[in-house]
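**Q** Just passing along the structure, written as structure tokens.
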Amino acid sequence: MSASTDTLRNTFGALLARASRHWRRAADQRLQPFNLTEATWLPLVRISRAAAPPRQKELAASLSLDGSSVVRLLDNLEAAGLIQRREAASDRRAKAIFLTPRGRAIADKVEDVARQVQRDALAGLSDRDIETTYRVLMHVCNSLERSMQEMAA
């Protein structure tokens with residue numbers, strides 16, 4: 001392995017984290033006029049993109065948060081009139097999370113901003129570069145997930 005390849009491998013994680021921070025900051029900055037932060041817009045997007053209204057446990061998993069954090073988050077979103085929690089049809093003990101009309105309107109604005117950030121971030125990259133990067137990042141995610149599962153077992 002050459003010195004430059006060694007350097008690239010050693011700085012890969014830091015660069016990945018930096019890119020993620022910049023991406024989130026760009027979205028947060030563009031969403032400031034709507035008084036939204038990642039803590040509020042990300043759950044709205046996850047709920048709006050779900051094939052069916054998610055349950056609290058599913059939302060927590062998709063946000064990589066524990067249950068108590070999601071309860072507080074949902075309490076705040078519900079108090080702001082952005083979501084409603086209703087009994088799930090299949091299990092009356094579980095609550096399904098629905099966007100209110102106001103929550104849907106905000107989620108749509110967030111999606112517009114997300115597309116703008118994506119266009120800016122990926123400008124100048126070829127389709128081949130994006131495909132390669134996607135494949136590499138999926139490999140990293142899958143490897144780390146496997147590793148965490150093995151450690152938990």
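Labeling convention for the structure tokens: chains A, B, ... as they appear, residues from 1 per chain, ligands from 1 in order of appearance.
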Please identify the strand (DSSP E or B) residues within stretch 2-131 of chain A (assignment by DSSP from backbone atoms) and present them as a compact mmCIF listing (two decimals) with N, CA, C and O atoms, in the first residue's frame.

**A**
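Contents of the output file out-v5.txt:
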```txt
# COMPACT_ATOMS: atom_id res chain seq x y z
N ARG A 55 -44.94 3.45 13.14
CA ARG A 55 -45.12 3.41 14.59
C ARG A 55 -43.89 4.05 15.22
O ARG A 55 -42.85 4.21 14.57
N ILE A 83 -47.86 16.68 13.69
CA ILE A 83 -48.18 15.25 13.63
C ILE A 83 -49.36 14.95 14.54
O ILE A 83 -49.71 15.75 15.41
N GLN A 84 -49.93 13.76 14.32
CA GLN A 84 -50.93 13.19 15.22
C GLN A 84 -50.54 11.75 15.46
O GLN A 84 -50.05 11.07 14.55
N ARG A 85 -50.77 11.29 16.66
CA ARG A 85 -50.58 9.87 16.99
C ARG A 85 -51.97 9.26 17.16
O ARG A 85 -52.79 9.77 17.91
N ARG A 86 -52.20 8.16 16.42
CA ARG A 86 -53.49 7.48 16.49
C ARG A 86 -53.25 5.99 16.69
O ARG A 86 -52.20 5.48 16.32
N GLU A 87 -54.25 5.32 17.21
CA GLU A 87 -54.15 3.87 17.38
C GLU A 87 -53.91 3.21 16.04
O GLU A 87 -54.55 3.57 15.05
N LYS A 95 -49.22 3.15 18.57
CA LYS A 95 -49.68 4.39 17.97
C LYS A 95 -48.98 4.58 16.62
O LYS A 95 -47.76 4.47 16.52
N ALA A 96 -49.77 4.85 15.61
CA ALA A 96 -49.24 5.19 14.29
C ALA A 96 -49.09 6.70 14.24
O ALA A 96 -49.86 7.44 14.86
N ILE A 97 -48.10 7.17 13.50
CA ILE A 97 -47.79 8.60 13.44
C ILE A 97 -48.19 9.12 12.07
O ILE A 97 -47.73 8.62 11.04
N PHE A 98 -49.05 10.13 12.06
CA PHE A 98 -49.55 10.74 10.84
C PHE A 98 -49.14 12.20 10.79
O PHE A 98 -49.11 12.88 11.82
N LEU A 99 -48.85 12.69 9.59
CA LEU A 99 -48.62 14.12 9.42
C LEU A 99 -49.96 14.84 9.38
O LEU A 99 -50.91 14.34 8.78
```

**Q** Per residue of stretch 67-123 of chain A within 12 Å of stretch 8-25 of chain A, which atom pair is closest and at what distance in Å (one decimal), using only C-alpha atoms, listed by chain and increasing number, as a Markdown table?

**A**
```
| residue | atom | partner | partner_atom | distance |
| --- | --- | --- | --- | --- |
| A:Val113 | CA | A:Arg24 | CA | 11.2 |
| A:Ala114 | CA | A:Trp23 | CA | 9.4 |
| A:Arg115 | CA | A:Trp23 | CA | 11.6 |
| A:Gln116 | CA | A:Trp23 | CA | 11.0 |
| A:Val117 | CA | A:Trp23 | CA | 7.3 |
| A:Gln118 | CA | A:Trp23 | CA | 8.3 |
| A:Arg119 | CA | A:Trp23 | CA | 11.3 |
| A:Asp120 | CA | A:Trp23 | CA | 9.8 |
| A:Ala121 | CA | A:Trp23 | CA | 7.6 |
| A:Leu122 | CA | A:Trp23 | CA | 10.8 |
```

**Q** Atom CA of A:Met138 to atom CA of A:Ser64: how many Å, to one decimal?

**A**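 Straight-line distance from atom CA of A:Met138 to atom CA of A:Ser64 works out to 17.1 Å.
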
**Q** Just want the 10 Å neighbourhood of A:Leu74, counted on only C-alpha atoms, with same-chain residues fewer than 4 positions away dropped. Output as a PyMOL selection string.

**A** chain A and resi 40+43-44+56+59+68-70+78-80+82-85+97

**Q** DSSP on the backbone, helix (DSSP H, G or I) only: what residues of chain A does that give? Format it as a compact mmCIF listing (two decimals) with N, CA, C and O atoms, in the first residue's frame.

**A**
```txt
# COMPACT_ATOMS: atom_id res chain seq x y z
N ALA A 3 2.00 5.28 0.37
CA ALA A 3 1.80 6.26 1.44
C ALA A 3 0.52 7.07 1.20
O ALA A 3 -0.22 7.37 2.13
N SER A 4 0.24 7.41 -0.09
CA SER A 4 -0.95 8.21 -0.34
C SER A 4 -2.23 7.40 -0.13
O SER A 4 -3.21 7.92 0.37
N THR A 5 -2.20 6.11 -0.50
CA THR A 5 -3.36 5.25 -0.26
C THR A 5 -3.57 5.08 1.24
O THR A 5 -4.71 5.09 1.72
N ASP A 6 -2.47 4.93 1.96
CA ASP A 6 -2.54 4.81 3.41
C ASP A 6 -3.18 6.07 4.02
O ASP A 6 -4.04 5.98 4.89
N THR A 7 -2.77 7.22 3.53
CA THR A 7 -3.33 8.49 4.01
C THR A 7 -4.82 8.57 3.70
O THR A 7 -5.62 8.99 4.54
N LEU A 8 -5.21 8.17 2.48
CA LEU A 8 -6.62 8.19 2.11
C LEU A 8 -7.44 7.28 3.02
O LEU A 8 -8.52 7.66 3.48
N ARG A 9 -6.93 6.08 3.29
CA ARG A 9 -7.66 5.16 4.17
C ARG A 9 -7.76 5.74 5.59
O ARG A 9 -8.80 5.61 6.23
N ASN A 10 -6.70 6.35 6.06
CA ASN A 10 -6.68 6.89 7.42
C ASN A 10 -7.58 8.11 7.59
O ASN A 10 -8.00 8.40 8.70
N THR A 11 -7.84 8.82 6.52
CA THR A 11 -8.67 10.03 6.63
C THR A 11 -10.08 9.83 6.08
O THR A 11 -10.89 10.74 6.12
N PHE A 12 -10.37 8.62 5.60
CA PHE A 12 -11.67 8.33 4.98
C PHE A 12 -12.83 8.62 5.92
O PHE A 12 -13.79 9.30 5.56
N GLY A 13 -12.78 8.09 7.12
CA GLY A 13 -13.87 8.28 8.09
C GLY A 13 -14.08 9.74 8.43
O GLY A 13 -15.23 10.22 8.50
N ALA A 14 -12.99 10.48 8.64
CA ALA A 14 -13.10 11.90 8.97
C ALA A 14 -13.71 12.68 7.80
O ALA A 14 -14.53 13.58 8.01
N LEU A 15 -13.32 12.34 6.59
CA LEU A 15 -13.87 13.02 5.42
C LEU A 15 -15.36 12.70 5.26
O LEU A 15 -16.16 13.59 4.96
N LEU A 16 -15.72 11.46 5.49
CA LEU A 16 -17.12 11.06 5.42
C LEU A 16 -17.96 11.83 6.45
O LEU A 16 -19.03 12.35 6.13
N ALA A 17 -17.45 11.93 7.67
CA ALA A 17 -18.16 12.68 8.72
C ALA A 17 -18.25 14.16 8.35
O ALA A 17 -19.30 14.80 8.56
N ARG A 18 -17.18 14.71 7.80
CA ARG A 18 -17.18 16.13 7.39
C ARG A 18 -18.21 16.38 6.30
O ARG A 18 -18.96 17.36 6.35
N ALA A 19 -18.28 15.50 5.31
CA ALA A 19 -19.26 15.66 4.23
C ALA A 19 -20.68 15.60 4.79
O ALA A 19 -21.54 16.40 4.41
N SER A 20 -20.91 14.70 5.71
CA SER A 20 -22.23 14.57 6.32
C SER A 20 -22.59 15.84 7.10
O SER A 20 -23.72 16.33 7.00
N ARG A 21 -21.65 16.37 7.87
CA ARG A 21 -21.90 17.61 8.62
C ARG A 21 -22.22 18.76 7.69
O ARG A 21 -23.14 19.54 7.92
N HIS A 22 -21.43 18.90 6.62
CA HIS A 22 -21.66 19.99 5.66
C HIS A 22 -23.03 19.85 4.99
O HIS A 22 -23.73 20.85 4.79
N TRP A 23 -23.41 18.63 4.64
CA TRP A 23 -24.70 18.39 3.99
C TRP A 23 -25.83 18.81 4.94
O TRP A 23 -26.75 19.51 4.54
N ARG A 24 -25.74 18.37 6.22
CA ARG A 24 -26.76 18.73 7.20
C ARG A 24 -26.80 20.23 7.46
O ARG A 24 -27.87 20.82 7.57
N ARG A 25 -25.63 20.85 7.56
CA ARG A 25 -25.59 22.30 7.81
C ARG A 25 -26.19 23.08 6.64
O ARG A 25 -26.88 24.08 6.85
N ALA A 26 -25.93 22.64 5.42
CA ALA A 26 -26.51 23.31 4.25
C ALA A 26 -28.03 23.23 4.31
O ALA A 26 -28.72 24.22 4.06
N ALA A 27 -28.54 22.06 4.66
CA ALA A 27 -30.00 21.90 4.77
C ALA A 27 -30.53 22.75 5.93
O ALA A 27 -31.52 23.48 5.76
N ASP A 28 -29.88 22.69 7.08
CA ASP A 28 -30.33 23.48 8.24
C ASP A 28 -30.34 24.96 7.92
O ASP A 28 -31.29 25.67 8.26
N GLN A 29 -29.30 25.43 7.25
CA GLN A 29 -29.20 26.85 6.91
C GLN A 29 -30.35 27.27 5.99
O GLN A 29 -30.96 28.33 6.18
N ARG A 30 -30.67 26.45 5.02
CA ARG A 30 -31.74 26.78 4.08
C ARG A 30 -33.13 26.61 4.70
O ARG A 30 -34.10 27.16 4.18
N LEU A 31 -33.21 25.87 5.80
CA LEU A 31 -34.50 25.66 6.45
C LEU A 31 -34.73 26.63 7.62
O LEU A 31 -35.80 26.64 8.20
N GLN A 32 -33.74 27.46 7.93
CA GLN A 32 -33.89 28.43 9.01
C GLN A 32 -35.11 29.34 8.84
O GLN A 32 -35.81 29.61 9.82
N PRO A 33 -35.40 29.83 7.63
CA PRO A 33 -36.58 30.69 7.48
C PRO A 33 -37.89 30.02 7.93
O PRO A 33 -38.86 30.70 8.25
N PHE A 34 -37.90 28.68 7.97
CA PHE A 34 -39.09 27.95 8.39
C PHE A 34 -39.02 27.54 9.86
O PHE A 34 -39.86 26.80 10.35
N GLU A 38 -32.63 20.07 12.11
CA GLU A 38 -32.62 18.66 11.75
C GLU A 38 -33.50 17.84 12.70
O GLU A 38 -34.16 16.89 12.29
N ALA A 39 -33.52 18.24 13.97
CA ALA A 39 -34.32 17.50 14.96
C ALA A 39 -35.81 17.55 14.63
O ALA A 39 -36.56 16.65 15.01
N THR A 40 -36.25 18.59 13.91
CA THR A 40 -37.66 18.67 13.56
C THR A 40 -37.93 18.26 12.12
O THR A 40 -38.94 17.60 11.85
N TRP A 41 -37.06 18.62 11.19
CA TRP A 41 -37.38 18.31 9.80
C TRP A 41 -37.12 16.85 9.44
O TRP A 41 -37.85 16.27 8.64
N LEU A 42 -36.11 16.23 10.03
CA LEU A 42 -35.79 14.86 9.65
C LEU A 42 -36.93 13.88 9.99
O LEU A 42 -37.32 13.06 9.14
N PRO A 43 -37.51 13.95 11.18
CA PRO A 43 -38.64 13.04 11.44
C PRO A 43 -39.83 13.29 10.51
O PRO A 43 -40.49 12.33 10.10
N LEU A 44 -40.08 14.54 10.17
CA LEU A 44 -41.19 14.83 9.26
C LEU A 44 -40.96 14.18 7.90
O LEU A 44 -41.88 13.61 7.31
N VAL A 45 -39.73 14.25 7.42
CA VAL A 45 -39.40 13.64 6.14
C VAL A 45 -39.53 12.12 6.22
O VAL A 45 -40.09 11.49 5.32
N ARG A 46 -39.03 11.54 7.30
CA ARG A 46 -39.13 10.08 7.45
C ARG A 46 -40.58 9.63 7.48
O ARG A 46 -40.95 8.62 6.90
N ILE A 47 -41.42 10.39 8.18
CA ILE A 47 -42.84 10.04 8.26
C ILE A 47 -43.49 10.19 6.88
O ILE A 47 -44.24 9.32 6.43
N SER A 48 -43.16 11.28 6.18
CA SER A 48 -43.79 11.51 4.87
C SER A 48 -43.34 10.50 3.83
O SER A 48 -44.09 10.16 2.92
N ARG A 49 -42.13 9.99 3.94
CA ARG A 49 -41.61 9.03 2.97
C ARG A 49 -42.02 7.59 3.27
O ARG A 49 -41.85 6.71 2.42
N GLN A 56 -44.02 4.41 16.47
CA GLN A 56 -42.94 5.08 17.18
C GLN A 56 -41.63 4.29 17.12
O GLN A 56 -40.57 4.85 16.87
N LYS A 57 -41.71 2.99 17.33
CA LYS A 57 -40.52 2.13 17.32
C LYS A 57 -39.83 2.16 15.96
O LYS A 57 -38.61 2.22 15.86
N GLU A 58 -40.62 2.11 14.88
CA GLU A 58 -40.06 2.15 13.52
C GLU A 58 -39.39 3.50 13.25
O GLU A 58 -38.31 3.55 12.66
N LEU A 59 -40.03 4.58 13.68
CA LEU A 59 -39.45 5.90 13.49
C LEU A 59 -38.16 6.03 14.27
O LEU A 59 -37.17 6.54 13.76
N ALA A 60 -38.14 5.55 15.50
CA ALA A 60 -36.93 5.60 16.32
C ALA A 60 -35.78 4.88 15.62
O ALA A 60 -34.67 5.39 15.54
N ALA A 61 -36.07 3.70 15.07
CA ALA A 61 -35.03 2.93 14.37
C ALA A 61 -34.53 3.69 13.15
O ALA A 61 -33.32 3.75 12.90
N SER A 62 -35.44 4.31 12.40
CA SER A 62 -35.02 5.01 11.18
C SER A 62 -34.20 6.26 11.50
O SER A 62 -33.42 6.71 10.67
N LEU A 63 -34.39 6.81 12.70
CA LEU A 63 -33.64 8.00 13.11
C LEU A 63 -32.43 7.66 13.97
O LEU A 63 -31.69 8.55 14.39
N GLY A 67 -36.11 5.07 22.26
CA GLY A 67 -37.54 5.32 22.40
C GLY A 67 -37.88 6.58 23.18
O GLY A 67 -38.77 7.33 22.78
N SER A 68 -37.17 6.84 24.30
CA SER A 68 -37.52 8.01 25.11
C SER A 68 -37.22 9.32 24.37
O SER A 68 -37.97 10.29 24.51
N SER A 69 -36.17 9.33 23.59
CA SER A 69 -35.86 10.53 22.80
C SER A 69 -36.94 10.79 21.76
O SER A 69 -37.34 11.93 21.52
N VAL A 70 -37.45 9.72 21.17
CA VAL A 70 -38.48 9.86 20.15
C VAL A 70 -39.80 10.32 20.78
O VAL A 70 -40.51 11.13 20.18
N VAL A 71 -40.08 9.85 21.97
CA VAL A 71 -41.31 10.28 22.65
C VAL A 71 -41.29 11.80 22.84
O VAL A 71 -42.26 12.49 22.52
N ARG A 72 -40.18 12.34 23.34
CA ARG A 72 -40.06 13.79 23.53
C ARG A 72 -40.16 14.53 22.20
O ARG A 72 -40.85 15.54 22.09
N LEU A 73 -39.50 14.01 21.20
CA LEU A 73 -39.54 14.61 19.88
C LEU A 73 -40.97 14.64 19.33
O LEU A 73 -41.44 15.67 18.85
N LEU A 74 -41.67 13.51 19.44
CA LEU A 74 -43.04 13.44 18.95
C LEU A 74 -43.97 14.34 19.77
O LEU A 74 -44.89 14.94 19.21
N ASP A 75 -43.74 14.42 21.06
CA ASP A 75 -44.53 15.34 21.89
C ASP A 75 -44.40 16.77 21.37
O ASP A 75 -45.40 17.49 21.24
N ASN A 76 -43.17 17.18 21.04
CA ASN A 76 -42.93 18.53 20.53
C ASN A 76 -43.57 18.73 19.16
O ASN A 76 -44.17 19.78 18.89
N LEU A 77 -43.45 17.75 18.28
CA LEU A 77 -44.04 17.86 16.95
C LEU A 77 -45.57 17.88 17.03
O LEU A 77 -46.22 18.60 16.27
N GLU A 78 -46.11 17.12 17.96
CA GLU A 78 -47.57 17.10 18.12
C GLU A 78 -48.05 18.44 18.70
O GLU A 78 -49.05 19.00 18.25
N ALA A 79 -47.31 18.97 19.67
CA ALA A 79 -47.67 20.27 20.26
C ALA A 79 -47.61 21.38 19.22
O ALA A 79 -48.38 22.34 19.28
N PRO A 101 -52.07 18.28 8.04
CA PRO A 101 -51.91 19.07 6.81
C PRO A 101 -50.75 20.06 6.92
O PRO A 101 -49.99 20.23 5.97
N ARG A 102 -50.60 20.69 8.07
CA ARG A 102 -49.47 21.62 8.27
C ARG A 102 -48.14 20.87 8.22
O ARG A 102 -47.17 21.33 7.63
N GLY A 103 -48.10 19.69 8.86
CA GLY A 103 -46.89 18.87 8.83
C GLY A 103 -46.54 18.44 7.42
O GLY A 103 -45.37 18.43 7.02
N ARG A 104 -47.55 18.08 6.62
CA ARG A 104 -47.35 17.68 5.22
C ARG A 104 -46.78 18.85 4.42
O ARG A 104 -45.85 18.68 3.64
N ALA A 105 -47.31 20.06 4.63
CA ALA A 105 -46.83 21.24 3.91
C ALA A 105 -45.36 21.51 4.25
O ALA A 105 -44.56 21.83 3.36
N ILE A 106 -45.01 21.37 5.51
CA ILE A 106 -43.62 21.60 5.91
C ILE A 106 -42.72 20.50 5.36
O ILE A 106 -41.62 20.77 4.87
N ALA A 107 -43.18 19.25 5.39
CA ALA A 107 -42.39 18.15 4.83
C ALA A 107 -42.14 18.38 3.34
O ALA A 107 -41.04 18.12 2.84
N ASP A 108 -43.13 18.90 2.63
CA ASP A 108 -42.95 19.20 1.21
C ASP A 108 -41.89 20.29 1.00
O ASP A 108 -41.08 20.20 0.08
N LYS A 109 -41.89 21.32 1.85
CA LYS A 109 -40.86 22.37 1.76
C LYS A 109 -39.48 21.79 2.03
O LYS A 109 -38.51 22.14 1.36
N VAL A 110 -39.41 20.92 3.02
CA VAL A 110 -38.14 20.27 3.35
C VAL A 110 -37.64 19.46 2.16
O VAL A 110 -36.45 19.48 1.82
N GLU A 111 -38.53 18.74 1.50
CA GLU A 111 -38.15 17.94 0.33
C GLU A 111 -37.60 18.84 -0.78
O GLU A 111 -36.62 18.48 -1.44
N ASP A 112 -38.21 20.00 -0.98
CA ASP A 112 -37.71 20.95 -1.98
C ASP A 112 -36.29 21.39 -1.64
O ASP A 112 -35.41 21.43 -2.51
N VAL A 113 -36.07 21.72 -0.38
CA VAL A 113 -34.73 22.14 0.06
C VAL A 113 -33.75 20.98 -0.08
O VAL A 113 -32.61 21.17 -0.53
N ALA A 114 -34.17 19.78 0.27
CA ALA A 114 -33.30 18.61 0.17
C ALA A 114 -32.85 18.39 -1.28
O ALA A 114 -31.67 18.09 -1.53
N ARG A 115 -33.77 18.56 -2.22
CA ARG A 115 -33.40 18.41 -3.64
C ARG A 115 -32.40 19.49 -4.05
O ARG A 115 -31.46 19.23 -4.80
N GLN A 116 -32.58 20.70 -3.54
CA GLN A 116 -31.66 21.80 -3.86
C GLN A 116 -30.26 21.52 -3.29
O GLN A 116 -29.26 21.69 -3.98
N VAL A 117 -30.19 21.07 -2.05
CA VAL A 117 -28.91 20.73 -1.43
C VAL A 117 -28.25 19.60 -2.21
O VAL A 117 -27.04 19.64 -2.48
N GLN A 118 -29.03 18.60 -2.58
CA GLN A 118 -28.49 17.48 -3.35
C GLN A 118 -27.91 17.96 -4.68
O GLN A 118 -26.81 17.55 -5.06
N ARG A 119 -28.66 18.79 -5.39
CA ARG A 119 -28.16 19.31 -6.68
C ARG A 119 -26.84 20.06 -6.49
O ARG A 119 -25.90 19.86 -7.26
N ASP A 120 -26.78 20.90 -5.48
CA ASP A 120 -25.56 21.67 -5.21
C ASP A 120 -24.40 20.76 -4.84
O ASP A 120 -23.28 20.93 -5.32
N ALA A 121 -24.66 19.79 -3.98
CA ALA A 121 -23.59 18.90 -3.50
C ALA A 121 -23.04 18.01 -4.60
O ALA A 121 -21.84 17.73 -4.63
N LEU A 122 -23.90 17.58 -5.51
CA LEU A 122 -23.47 16.63 -6.54
C LEU A 122 -23.14 17.29 -7.88
O LEU A 122 -22.75 16.60 -8.83
N ASP A 127 -22.26 10.67 -13.53
CA ASP A 127 -23.10 9.57 -13.05
C ASP A 127 -22.24 8.42 -12.57
O ASP A 127 -22.54 7.77 -11.56
N ARG A 128 -21.15 8.17 -13.27
CA ARG A 128 -20.25 7.07 -12.89
C ARG A 128 -19.63 7.33 -11.52
O ARG A 128 -19.53 6.42 -10.69
N ASP A 129 -19.20 8.58 -11.26
CA ASP A 129 -18.65 8.93 -9.95
C ASP A 129 -19.68 8.72 -8.84
O ASP A 129 -19.37 8.20 -7.77
N ILE A 130 -20.90 9.13 -9.11
CA ILE A 130 -21.97 8.98 -8.11
C ILE A 130 -22.26 7.51 -7.87
O ILE A 130 -22.41 7.08 -6.71
N GLU A 131 -22.32 6.71 -8.93
CA GLU A 131 -22.56 5.27 -8.78
C GLU A 131 -21.45 4.60 -7.97
O GLU A 131 -21.72 3.79 -7.09
N THR A 132 -20.21 4.97 -8.25
CA THR A 132 -19.08 4.40 -7.52
C THR A 132 -19.12 4.81 -6.05
O THR A 132 -18.94 3.97 -5.16
N THR A 133 -19.37 6.08 -5.81
CA THR A 133 -19.44 6.57 -4.43
C THR A 133 -20.57 5.88 -3.67
O THR A 133 -20.39 5.46 -2.52
N TYR A 134 -21.70 5.74 -4.32
CA TYR A 134 -22.84 5.08 -3.70
C TYR A 134 -22.48 3.64 -3.33
O TYR A 134 -22.75 3.18 -2.21
N ARG A 135 -21.87 2.93 -4.25
CA ARG A 135 -21.48 1.54 -4.01
C ARG A 135 -20.49 1.46 -2.84
O ARG A 135 -20.63 0.60 -1.96
N VAL A 136 -19.53 2.36 -2.79
CA VAL A 136 -18.54 2.36 -1.71
C VAL A 136 -19.22 2.65 -0.37
O VAL A 136 -18.96 1.97 0.63
N LEU A 137 -20.08 3.64 -0.35
CA LEU A 137 -20.75 3.99 0.91
C LEU A 137 -21.67 2.87 1.39
O LEU A 137 -21.76 2.60 2.59
N MET A 138 -22.35 2.19 0.46
CA MET A 138 -23.18 1.05 0.85
C MET A 138 -22.31 -0.06 1.43
O MET A 138 -22.68 -0.70 2.42
N HIS A 139 -21.15 -0.27 0.86
CA HIS A 139 -20.23 -1.29 1.38
C HIS A 139 -19.81 -0.92 2.81
O HIS A 139 -19.82 -1.78 3.69
N VAL A 140 -19.45 0.34 3.02
CA VAL A 140 -19.04 0.80 4.35
C VAL A 140 -20.18 0.60 5.35
O VAL A 140 -19.99 0.05 6.44
N CYS A 141 -21.39 1.03 4.99
CA CYS A 141 -22.54 0.89 5.88
C CYS A 141 -22.82 -0.58 6.20
O CYS A 141 -23.02 -0.95 7.36
N ASN A 142 -22.84 -1.41 5.17
CA ASN A 142 -23.11 -2.84 5.38
C ASN A 142 -22.04 -3.50 6.24
O ASN A 142 -22.35 -4.30 7.13
N SER A 143 -20.78 -3.16 6.02
CA SER A 143 -19.69 -3.73 6.81
C SER A 143 -19.81 -3.33 8.27
O SER A 143 -19.64 -4.15 9.18
N LEU A 144 -20.12 -2.06 8.51
CA LEU A 144 -20.24 -1.59 9.89
C LEU A 144 -21.47 -2.18 10.58
O LEU A 144 -21.41 -2.53 11.76
N GLU A 145 -22.58 -2.33 9.84
CA GLU A 145 -23.76 -2.96 10.42
C GLU A 145 -23.50 -4.40 10.79
O GLU A 145 -23.88 -4.86 11.87
N ARG A 146 -22.82 -5.14 9.92
CA ARG A 146 -22.48 -6.53 10.21
C ARG A 146 -21.59 -6.60 11.45
O ARG A 146 -21.79 -7.43 12.33
N SER A 147 -20.61 -5.73 11.51
CA SER A 147 -19.69 -5.70 12.64
C SER A 147 -20.43 -5.43 13.95
O SER A 147 -20.19 -6.07 14.96
N MET A 148 -21.36 -4.47 13.92
CA MET A 148 -22.12 -4.15 15.14
C MET A 148 -23.01 -5.30 15.55
O MET A 148 -23.15 -5.61 16.73
N GLN A 149 -23.61 -5.99 14.56
CA GLN A 149 -24.46 -7.14 14.86
C GLN A 149 -23.63 -8.28 15.47
O GLN A 149 -24.08 -8.94 16.41
N GLU A 150 -22.44 -8.50 14.95
CA GLU A 150 -21.58 -9.55 15.48
C GLU A 150 -21.16 -9.23 16.91
O GLU A 150 -21.10 -10.11 17.76
N MET A 151 -20.89 -7.96 17.18
CA MET A 151 -20.49 -7.56 18.54
C MET A 151 -21.65 -7.70 19.51
O MET A 151 -21.46 -8.02 20.68
N ALA A 152 -22.87 -7.45 19.03
CA ALA A 152 -24.05 -7.52 19.89
C ALA A 152 -24.43 -8.98 20.19
O ALA A 152 -25.07 -9.26 21.20
```
